$ cat upload25.tsv   # TSV, C-alpha atoms
chain	number	residue	atom	x	y	z
A	32	MET	CA	149.04	117.89	163.36
A	33	ASN	CA	152.59	116.75	162.70
A	34	PHE	CA	152.82	114.77	159.47
A	35	LEU	CA	155.83	112.78	160.69
A	36	ARG	CA	153.90	111.40	163.70
A	37	LEU	CA	151.14	109.87	161.57
A	38	PRO	CA	151.12	106.07	161.01
A	39	PHE	CA	152.96	104.83	157.94
A	40	LEU	CA	149.83	103.64	156.11
A	41	VAL	CA	148.14	107.00	156.66
A	42	LYS	CA	151.18	108.88	155.33
A	43	LEU	CA	151.41	106.53	152.33
A	44	THR	CA	147.71	107.01	151.58
A	45	LEU	CA	148.02	110.79	151.73
A	46	VAL	CA	151.05	110.74	149.41
A	47	VAL	CA	149.36	108.45	146.87
A	48	VAL	CA	146.12	110.48	146.89
A	49	SER	CA	148.09	113.71	146.51
A	50	ILE	CA	150.07	112.32	143.54
A	51	ILE	CA	146.89	111.05	141.83
A	52	GLY	CA	145.10	114.36	142.38
A	53	LEU	CA	148.07	116.38	141.15
A	54	GLY	CA	148.39	114.16	138.07
A	55	TYR	CA	144.69	114.56	137.29
A	56	LEU	CA	144.94	118.35	137.58
A	57	LEU	CA	148.05	118.40	135.34
A	58	ALA	CA	146.29	116.32	132.67
A	59	LEU	CA	143.14	118.42	132.94
A	60	GLY	CA	145.02	121.70	132.51
A	61	GLN	CA	147.37	120.55	129.73
A	62	SER	CA	146.44	123.31	127.27
A	63	ILE	CA	147.21	125.99	129.88
A	64	LEU	CA	149.90	124.53	132.14
A	65	ALA	CA	152.22	123.24	129.38
A	66	PRO	CA	152.68	126.63	127.64
A	67	PHE	CA	152.79	128.35	131.05
A	68	PHE	CA	155.67	126.18	132.28
A	69	LEU	CA	157.59	126.58	129.00
A	70	ALA	CA	157.01	130.36	129.18
A	71	PHE	CA	158.33	130.32	132.77
A	72	LEU	CA	161.53	128.56	131.65
A	73	MET	CA	162.07	130.96	128.75
A	74	ALA	CA	161.33	133.94	130.98
A	75	MET	CA	164.07	132.78	133.35
A	76	LEU	CA	166.42	132.58	130.37
A	77	PHE	CA	165.58	136.11	129.17
A	78	LEU	CA	165.50	137.59	132.68
A	79	PRO	CA	169.16	138.79	132.64
A	80	ALA	CA	168.62	140.53	129.29
A	81	ALA	CA	165.42	142.20	130.53
A	82	SER	CA	167.13	143.31	133.77
A	83	PHE	CA	170.07	144.70	131.78
A	84	MET	CA	167.75	146.75	129.58
A	85	GLU	CA	165.91	148.13	132.62
A	86	LYS	CA	168.96	148.93	134.77
A	87	LYS	CA	171.60	149.92	132.22
A	88	LEU	CA	169.56	151.18	129.26
A	89	ARG	CA	166.78	152.67	131.43
A	90	PHE	CA	164.01	150.86	129.52
A	91	PRO	CA	160.56	150.75	131.12
A	92	ARG	CA	159.38	147.33	132.22
A	93	SER	CA	156.92	147.04	129.33
A	94	MET	CA	159.59	148.11	126.81
A	95	SER	CA	162.11	145.54	128.04
A	96	THR	CA	159.43	142.85	128.00
A	97	MET	CA	158.37	143.56	124.42
A	98	THR	CA	162.00	143.70	123.31
A	99	SER	CA	162.61	140.28	124.87
A	100	VAL	CA	159.50	138.94	123.13
A	101	PHE	CA	160.72	140.34	119.81
A	102	ILE	CA	164.14	138.69	120.23
A	103	MET	CA	162.52	135.37	121.18
A	104	LEU	CA	160.14	135.47	118.19
A	105	MET	CA	163.04	136.31	115.89
A	106	ILE	CA	164.94	133.24	117.11
A	107	LEU	CA	161.84	131.07	116.78
A	108	GLY	CA	161.16	132.46	113.29
A	109	GLY	CA	164.76	131.75	112.28
A	110	ILE	CA	164.43	128.12	113.37
A	111	ILE	CA	161.13	127.74	111.50
A	112	TYR	CA	162.63	129.36	108.37
A	113	PHE	CA	165.65	127.04	108.52
A	114	PHE	CA	163.52	123.90	108.70
A	115	THR	CA	161.13	125.18	106.02
A	116	ASN	CA	164.01	125.94	103.66
A	117	GLN	CA	165.72	122.61	104.31
A	118	LEU	CA	162.49	120.64	103.94
A	119	SER	CA	161.74	122.37	100.62
A	120	ASP	CA	165.12	121.17	99.30
A	121	PHE	CA	164.34	117.75	100.71
A	122	SER	CA	160.99	117.64	98.89
A	123	LYS	CA	162.71	118.41	95.56
A	124	ASP	CA	164.87	115.32	95.94
A	125	LEU	CA	161.99	113.05	96.92
A	126	PRO	CA	161.68	111.43	93.43
A	127	HIS	CA	165.43	110.71	93.42
A	128	LEU	CA	165.27	109.37	96.98
A	129	LYS	CA	162.30	107.20	96.04
A	130	GLU	CA	164.21	105.75	93.10
A	131	GLN	CA	167.27	105.01	95.21
A	132	PHE	CA	165.21	103.55	98.00
A	133	THR	CA	163.36	101.33	95.53
A	134	THR	CA	166.67	99.98	94.21
A	135	VAL	CA	167.99	99.29	97.69
A	136	PHE	CA	164.65	97.81	98.74
A	137	ASN	CA	164.62	95.42	95.77
A	138	SER	CA	168.13	94.29	96.67
A	139	LEU	CA	166.98	93.74	100.25
A	140	GLN	CA	164.00	91.71	99.02
A	141	HIS	CA	166.21	89.39	97.00
A	142	TRP	CA	168.57	89.02	99.99
A	143	VAL	CA	165.64	88.06	102.24
A	144	SER	CA	164.44	85.64	99.56
A	145	ARG	CA	167.83	83.94	99.33
A	146	THR	CA	168.48	83.90	103.08
A	147	PHE	CA	165.07	83.04	104.56
A	148	ASN	CA	163.43	81.33	101.54
A	149	VAL	CA	160.58	83.84	101.50
A	150	LYS	CA	159.45	84.57	97.96
A	151	VAL	CA	159.35	88.15	96.72
A	152	ASP	CA	155.62	87.85	95.93
A	153	GLU	CA	154.87	86.84	99.51
A	154	GLN	CA	156.89	89.81	100.80
A	155	VAL	CA	154.92	92.14	98.52
A	156	ASP	CA	151.64	90.67	99.82
A	157	TYR	CA	152.68	91.33	103.41
A	158	ILE	CA	153.57	94.93	102.54
A	159	ASN	CA	150.32	95.48	100.63
A	160	GLN	CA	148.29	94.23	103.59
A	161	GLY	CA	150.09	96.67	105.87
A	162	LEU	CA	149.54	99.55	103.44
A	163	THR	CA	145.84	98.69	103.13
A	164	LYS	CA	145.39	98.87	106.89
A	165	LEU	CA	147.31	102.13	106.99
A	166	LEU	CA	145.27	103.73	104.21
A	167	SER	CA	142.00	102.55	105.79
A	168	SER	CA	142.82	104.75	108.77
A	169	SER	CA	143.80	107.77	106.67
A	170	GLY	CA	140.91	109.78	108.09
A	171	VAL	CA	142.23	109.22	111.60
A	172	ILE	CA	145.76	110.15	110.47
A	173	LEU	CA	144.57	113.37	108.80
A	174	GLY	CA	142.53	114.28	111.85
A	175	PHE	CA	145.51	113.63	114.12
A	176	THR	CA	147.78	115.75	111.89
A	177	PHE	CA	145.29	118.62	111.84
A	178	GLY	CA	144.95	118.34	115.60
A	179	ILE	CA	148.73	118.63	116.02
A	180	PHE	CA	148.91	121.78	113.88
A	181	SER	CA	145.89	123.42	115.49
A	182	THR	CA	147.11	122.55	118.98
A	183	GLY	CA	150.61	123.77	118.10
A	184	PHE	CA	149.26	127.13	116.92
A	185	GLY	CA	147.27	127.60	120.10
A	186	PHE	CA	150.28	126.49	122.14
A	187	ILE	CA	152.46	129.22	120.58
A	188	ILE	CA	149.83	131.90	121.24
A	189	PHE	CA	149.40	130.92	124.91
A	190	PHE	CA	153.16	130.55	125.31
A	191	THR	CA	153.79	134.07	123.98
A	192	LEU	CA	151.13	135.62	126.19
A	193	PHE	CA	152.36	133.83	129.31
A	194	PHE	CA	155.93	134.85	128.48
A	195	ILE	CA	154.88	138.52	128.36
A	196	PHE	CA	152.91	138.32	131.61
A	197	ILE	CA	155.61	136.46	133.57
A	198	LEU	CA	158.35	138.89	132.53
A	199	ASN	CA	156.17	141.93	133.11
A	200	TYR	CA	154.81	140.84	136.51
A	201	ARG	CA	157.83	138.88	137.74
A	202	ARG	CA	158.32	141.06	140.83
A	203	LEU	CA	154.67	140.70	141.81
A	204	LEU	CA	154.84	136.90	141.42
A	205	ASN	CA	158.07	136.72	143.44
A	206	ASN	CA	156.59	138.79	146.29
A	207	PHE	CA	153.47	136.62	146.33
A	208	ILE	CA	155.46	133.38	146.60
A	209	VAL	CA	157.57	134.79	149.45
A	210	THR	CA	154.78	136.45	151.45
A	211	VAL	CA	152.27	133.59	151.16
A	212	PHE	CA	154.37	131.55	153.62
A	213	ASN	CA	154.80	132.15	157.32
A	214	GLU	CA	157.02	135.03	158.39
A	215	ARG	CA	159.64	132.80	159.99
A	216	HIS	CA	160.07	130.89	156.70
A	217	LYS	CA	160.42	133.99	154.54
A	218	ALA	CA	164.22	133.92	154.34
A	219	SER	CA	164.28	130.22	153.52
A	220	VAL	CA	161.57	130.59	150.85
A	221	GLN	CA	163.35	133.56	149.26
A	222	GLU	CA	166.57	131.56	149.19
A	223	ALA	CA	164.79	128.63	147.52
A	224	VAL	CA	163.17	130.94	144.95
A	225	ASN	CA	166.52	132.51	144.11
A	226	GLU	CA	168.15	129.09	143.80
A	227	ILE	CA	165.38	127.85	141.48
A	228	ARG	CA	165.69	130.99	139.34
A	229	ILE	CA	169.47	130.64	139.05
A	230	MET	CA	169.25	126.90	138.41
A	231	THR	CA	166.59	127.33	135.75
A	232	LYS	CA	168.56	130.03	133.97
A	233	LYS	CA	171.75	127.95	133.97
A	234	TYR	CA	169.90	124.79	133.02
A	235	ILE	CA	168.08	126.29	130.02
A	236	PHE	CA	171.21	128.08	128.85
A	237	GLY	CA	173.13	124.82	129.22
A	238	LEU	CA	170.51	123.01	127.15
A	239	PHE	CA	170.91	125.58	124.38
A	240	LEU	CA	174.66	125.02	124.41
A	241	GLN	CA	174.10	121.28	124.39
A	242	VAL	CA	171.80	121.56	121.35
A	243	ILE	CA	174.43	123.61	119.49
A	244	ILE	CA	177.31	121.25	120.37
A	245	VAL	CA	175.39	118.08	119.47
A	246	SER	CA	174.13	119.68	116.23
A	247	VAL	CA	177.68	120.64	115.19
A	248	LEU	CA	179.10	117.19	116.06
A	249	THR	CA	176.30	115.35	114.24
A	250	SER	CA	176.48	117.61	111.18
A	251	ALA	CA	180.25	117.10	110.98
A	252	LEU	CA	179.84	113.32	111.32
A	253	LEU	CA	177.18	113.07	108.61
A	254	THR	CA	179.14	115.39	106.30
A	255	ILE	CA	182.28	113.24	106.65
A	256	LEU	CA	180.23	110.10	105.92
A	257	GLY	CA	178.70	111.76	102.86
A	258	VAL	CA	175.07	111.57	104.07
A	259	LYS	CA	172.75	114.04	102.34
A	260	TYR	CA	170.99	116.74	104.35
A	261	ALA	CA	173.70	116.54	107.00
A	262	ILE	CA	172.94	119.98	108.45
A	263	LEU	CA	169.19	119.34	108.60
A	264	LEU	CA	169.69	115.99	110.31
A	265	GLY	CA	172.32	117.47	112.64
A	266	VAL	CA	170.05	120.29	113.84
A	267	LEU	CA	167.14	117.86	114.19
A	268	THR	CA	169.34	115.57	116.29
A	269	GLY	CA	170.40	118.47	118.51
A	270	LEU	CA	166.78	119.48	119.15
A	271	LEU	CA	165.53	115.94	119.72
A	272	ASN	CA	168.45	115.29	122.08
A	273	VAL	CA	166.67	117.51	124.60
A	274	ILE	CA	164.43	114.45	125.16
A	275	PRO	CA	166.73	112.16	127.19
A	276	TYR	CA	167.49	108.73	125.74
A	277	LEU	CA	164.50	108.62	123.34
A	278	GLY	CA	165.48	111.73	121.36
A	279	ILE	CA	168.86	110.43	120.21
A	280	PHE	CA	167.27	107.07	119.31
A	281	ILE	CA	164.56	108.69	117.17
A	282	SER	CA	167.09	110.89	115.36
A	283	LEU	CA	169.32	107.83	114.84
A	284	LEU	CA	166.49	106.00	113.08
A	285	ILE	CA	165.77	109.01	110.85
A	286	SER	CA	169.44	109.47	109.92
A	287	CYS	CA	169.91	105.75	109.23
A	288	PHE	CA	166.82	105.79	107.01
A	289	ILE	CA	168.18	108.72	104.98
A	290	ALA	CA	171.63	107.11	104.80
A	291	PHE	CA	170.06	103.81	103.72
A	292	ALA	CA	168.05	105.53	100.96
A	293	THR	CA	170.86	107.72	99.63
A	294	SER	CA	173.99	105.68	100.27
A	295	THR	CA	175.17	102.15	100.99
A	296	PRO	CA	174.02	99.91	103.87
A	297	SER	CA	177.51	100.08	105.36
A	298	THR	CA	177.03	103.83	105.80
A	299	CYS	CA	174.11	103.09	108.12
A	300	ILE	CA	176.45	101.11	110.36
A	301	TYR	CA	178.95	103.98	110.45
A	302	VAL	CA	176.12	106.43	111.21
A	303	ALA	CA	174.90	104.24	114.08
A	304	LEU	CA	178.40	103.91	115.52
A	305	GLY	CA	178.96	107.66	115.17
A	306	TYR	CA	175.69	108.42	116.96
A	307	ILE	CA	176.64	106.08	119.79
A	308	ALA	CA	179.99	107.87	120.13
A	309	ILE	CA	178.32	111.32	120.08
A	310	HIS	CA	175.80	110.17	122.71
A	311	ALA	CA	178.67	108.93	124.91
A	312	VAL	CA	180.52	112.25	124.55
A	313	ASP	CA	177.31	114.17	125.23
A	314	GLY	CA	176.39	112.19	128.32
A	315	ASN	CA	179.84	112.06	129.91
A	316	ILE	CA	181.47	115.35	128.85
A	317	VAL	CA	179.04	117.88	127.34
A	318	LEU	CA	176.06	117.41	129.66
A	319	PRO	CA	177.98	117.54	132.99
A	320	PHE	CA	180.01	120.53	131.74
A	321	VAL	CA	177.28	122.78	130.31
A	322	VAL	CA	174.36	121.70	132.52
A	323	GLY	CA	176.19	120.74	135.71
A	324	SER	CA	175.68	118.00	138.22
A	325	LYS	CA	173.45	120.02	140.57
A	326	VAL	CA	170.31	119.34	138.51
A	327	LYS	CA	171.38	115.95	137.23
A	328	ILE	CA	168.55	113.44	137.49
A	329	ASN	CA	169.22	109.72	137.64
A	330	ALA	CA	168.31	107.62	134.60
A	331	LEU	CA	165.41	105.80	136.29
A	332	PHE	CA	163.41	108.91	137.13
A	333	SER	CA	164.41	110.60	133.86
A	334	PHE	CA	162.79	107.72	131.97
A	335	ILE	CA	159.75	107.68	134.26
A	336	GLY	CA	159.45	111.45	133.82
A	337	ILE	CA	159.52	111.10	130.02
A	338	LEU	CA	156.73	108.51	130.09
A	339	LEU	CA	154.60	110.56	132.50
A	340	GLY	CA	155.29	113.78	130.60
A	341	GLU	CA	154.22	112.22	127.30
A	342	HIS	CA	151.12	110.75	128.91
A	343	LEU	CA	150.09	114.04	130.55
A	344	TRP	CA	151.19	116.70	128.05
A	345	GLY	CA	152.21	114.82	124.90
A	346	ILE	CA	155.37	115.84	123.03
A	347	ALA	CA	155.67	119.06	125.06
A	348	GLY	CA	155.70	117.01	128.24
A	349	MET	CA	158.66	114.97	126.99
A	350	PHE	CA	160.67	118.19	126.59
A	351	LEU	CA	159.54	119.77	129.86
A	352	CYS	CA	159.72	116.77	132.20
A	353	ILE	CA	163.44	117.03	133.05
A	354	PRO	CA	163.47	120.73	134.09
A	355	ALA	CA	160.26	120.09	136.05
A	356	ILE	CA	161.89	117.20	137.93
A	357	ALA	CA	164.98	119.36	138.50
A	358	ILE	CA	162.85	122.09	140.11
A	359	ILE	CA	161.05	119.50	142.25
A	360	LYS	CA	164.45	118.13	143.30
A	361	ILE	CA	165.64	121.58	144.45
A	362	ILE	CA	162.42	122.18	146.40
A	363	CYS	CA	162.71	118.78	148.08
A	364	GLU	CA	166.32	119.47	149.02
A	365	ARG	CA	165.28	122.75	150.71
A	366	VAL	CA	162.52	121.16	152.86
A	367	ASP	CA	163.72	118.93	155.70
A	368	ASP	CA	160.80	116.48	155.47
A	369	LEU	CA	161.30	116.08	151.69
A	370	LYS	CA	165.09	115.68	151.58
A	371	PRO	CA	164.88	111.87	151.06
A	372	TRP	CA	162.80	112.52	147.92
A	373	GLY	CA	165.44	114.96	146.65
A	374	ARG	CA	168.18	112.39	147.16
A	375	LEU	CA	166.02	109.77	145.44
A	376	LEU	CA	165.69	111.91	142.30
A	377	GLY	CA	169.41	112.73	142.09
A	378	GLU	CA	172.45	110.70	141.22
A	379	GLU	CA	173.98	108.29	143.69
A	380	PRO	CA	176.85	110.03	145.51
A	381	LYS	CA	180.25	108.68	144.68
A	382	PRO	CA	182.12	107.25	147.68
A	383	HIS	CA	185.12	109.28	148.74
A	384	LYS	CA	188.40	107.48	148.47
A	385	LYS	CA	190.14	107.24	151.78
A	386	LYS	CA	193.68	108.41	151.72
A	387	LYS	CA	196.15	105.92	153.01
A	388	SER	CA	197.77	107.06	156.20
A	389	TYR	CA	201.19	105.85	157.12
A	390	LYS	CA	202.08	105.79	160.79
A	391	ILE	CA	205.67	106.52	161.66
A	392	SER	CA	207.00	104.72	164.63
A	393	LYS	CA	208.36	106.85	167.40
A	394	ASN	CA	211.46	104.66	167.46
A	395	ILE	CA	212.56	105.81	164.00
A	396	THR	CA	215.56	108.09	164.27
A	397	LEU	CA	216.07	111.27	162.26
A	398	LYS	CA	218.76	109.55	160.24
A	399	GLU	CA	216.33	106.80	159.15
A	400	MET	CA	213.70	109.45	158.15
A	401	ASP	CA	216.25	111.21	155.94
$ encode --input "upload25.tsv" --output "structure tokens"
Amino acid sequence: MNFLRLPFLVKLTLVVVSIIGLGYLLALGQSILAPFFLAFLMAMLFLPAASFMEKKLRFPRSMSTMTSVFIMLMILGGIIYFFTNQLSDFSKDLPHLKEQFTTVFNSLQHWVSRTFNVKVDEQVDYINQGLTKLLSSSGVILGFTFGIFSTGFGFIIFFTLFFIFILNYRRLLNNFIVTVFNERHKASVQEAVNEIRIMTKKYIFGLFLQVIIVSVLTSALLTILGVKYAILLGVLTGLLNVIPYLGIFISLLISCFIAFATSTPSTCIYVALGYIAIHAVDGNIVLPFVVGSKVKINALFSFIGILLGEHLWGIAGMFLCIPAIAIIKIICERVDDLKPWGRLLGEEPKPHKKKKSYKISKNITLKEMD
């Protein structure tokens, strides 16, 4: 039965039911699918290194896979060590930060009292009520924190195992994807698989470059403004910037809070303006250059993807939603019946400027043309 010949309501029903069923399966398999998809992306990133070791250095497949895993764990361990070291220095300055924040907070209280005629005692009562409600739910907070750490540990284990299996059995998986379709579609499927592999490798590598560039720009900005822990905040901003739109906003709030506690309120304004400038440079120069326009998703579906990713897979879903949408976009662009969906996910094409054409009258003599 041809899908295109079905009535519109039947097609719409089938699409809605398919989306609901797929969403339910994604939510149900969160603990397995989230680390699997991240492992797939990282495997695509390490694929050139593994192929180089096998072809040039004559490593066996298992040897190249374990070497890639070792390099990846070394990078991950370096990131964890950096944050642990920086956070230990941050914890040593907590009493000093608390004292400075208390001074600034008292000044803010008196300003609110003078401006809005709200007494300091009433402000303290409001804060105490909020703290009481927060402390009453401390058991829930501790349970949530423990759940994050336990889930994170299991996530890393599953991610590492999937990474090993995907790299080690990549040829078997590729042959399965190609041969499972009809023989007449084999060339088209192989072309789509190759395009997805190349796109994923370039996209993930571009994201790494974007993280480095944004981290350097933010660290330089905060260092010039004299904000403490500039490098820590810069690296955190670069990592959170992977989450479109929301990541830069969250890092902005954290940096403004640190600047407010350790410096003057005017520094917060400079930090906010600097973050807006960095976000503009990142969105208009860095992102199109290092990631490219081929996998660029429009802002509407990027935001919808972030919300759906967080709802289905939590924080991991917010990081993985954009490459997932990019892969879906490429698949839709390769299938004739799904090309409208691919165009819907992408950016609106810019209209080509028509060149002005000047007609020369046949009556013009050569002397007039000179």
$ residues_around --input "upload25.tsv" --residues "A:Thr191" --least-positions-apart "3" --cutoff "12 Å" --atoms "only C-alpha atoms" --output "list in words"
Ile63, Pro66, Phe67, Phe68, Leu69, Ala70, Phe71, Met73, Ala74, Thr96, Met97, Ser99, Val100, Phe101, Ile102, Met103, Leu104, Leu107, Phe184, Gly185, Phe186, Ile187, Ile188, Phe194, Ile195, Phe196, Ile197 and Leu198 of chain A
$ write_last_selection --input "upload25.tsv" --atoms "C-alpha atoms" --output "compact mmCIF listing (two decimals), in the coordinates of the input"
# COMPACT_ATOMS: atom_id res chain seq x y z
CA ILE A 63 147.21 125.99 129.88
CA PRO A 66 152.68 126.63 127.64
CA PHE A 67 152.79 128.35 131.05
CA PHE A 68 155.67 126.18 132.28
CA LEU A 69 157.59 126.58 129.00
CA ALA A 70 157.01 130.36 129.18
CA PHE A 71 158.33 130.32 132.77
CA MET A 73 162.07 130.96 128.75
CA ALA A 74 161.33 133.94 130.98
CA THR A 96 159.43 142.85 128.00
CA MET A 97 158.37 143.56 124.42
CA SER A 99 162.61 140.28 124.87
CA VAL A 100 159.50 138.94 123.13
CA PHE A 101 160.72 140.34 119.81
CA ILE A 102 164.14 138.69 120.23
CA MET A 103 162.52 135.37 121.18
CA LEU A 104 160.14 135.47 118.19
CA LEU A 107 161.84 131.07 116.78
CA PHE A 184 149.26 127.13 116.92
CA GLY A 185 147.27 127.60 120.10
CA PHE A 186 150.28 126.49 122.14
CA ILE A 187 152.46 129.22 120.58
CA ILE A 188 149.83 131.90 121.24
CA PHE A 194 155.93 134.85 128.48
CA ILE A 195 154.88 138.52 128.36
CA PHE A 196 152.91 138.32 131.61
CA ILE A 197 155.61 136.46 133.57
CA LEU A 198 158.35 138.89 132.53
$ atom_distance --input "upload25.tsv" --atom1 "atom CA of A:Ile235" --atom2 "atom CA of A:Leu72"
7.1 Å
$ residues_around --input "upload25.tsv" --residues "A:Phe236" --least-positions-apart "2" --cutoff "12 Å" --atoms "all atoms listed in the file" --output "PyMOL selection string"
chain A and resi 72-79+229-234+238-243+318+320-323+354
$ atom_distance --input "upload25.tsv" --atom1 "atom CA of A:Leu338" --atom2 "atom CA of A:Tyr306"
23.1 Å
$ atom_distance --input "upload25.tsv" --atom1 "atom CA of A:Thr44" --atom2 "atom CA of A:Leu369"
16.3 Å
$ closest_residue --input "upload25.tsv" --among "A:Ile328, A:Ile285, A:Leu248, A:Ile356" --to "A:Ala308" --atoms "only C-alpha atoms"
A:Leu248
$ residues_around --input "upload25.tsv" --residues "stretch 255-270 of chain A" --least-positions-apart "3" --cutoff "7 Å" --atoms "all atoms listed in the file" --output "list of chain:residue names"
A:Gln117, A:Val242, A:Ile243, A:Val245, A:Ser246, A:Val247, A:Thr249, A:Ser250, A:Ala251, A:Leu252, A:Val273, A:Ile279, A:Ser282, A:Ser286, A:Ala290
$ closest_residue --input "upload25.tsv" --among "A:Leu375, A:Cys363, A:Ala311, A:Ile346" --to "A:Gln61" --atoms "all atoms listed in the file"
A:Ile346
$ residues_around --input "upload25.tsv" --residues "A:Leu343" --least-positions-apart "3" --cutoff "8 Å" --atoms "all atoms listed in the file" --output "PDB file with C-alpha atoms, in the coordinates of the input"
ATOM      1  CA  GLY A  54     148.390 114.160 138.070  1.00  0.00           C
ATOM      2  CA  LEU A  57     148.050 118.400 135.340  1.00  0.00           C
ATOM      3  CA  ALA A  58     146.290 116.320 132.670  1.00  0.00           C
ATOM      4  CA  GLN A  61     147.370 120.550 129.730  1.00  0.00           C
ATOM      5  CA  LEU A 339     154.600 110.560 132.500  1.00  0.00           C
ATOM      6  CA  GLY A 340     155.290 113.780 130.600  1.00  0.00           C
ATOM      7  CA  GLY A 348     155.700 117.010 128.240  1.00  0.00           C
TER       8      GLY A 348
END
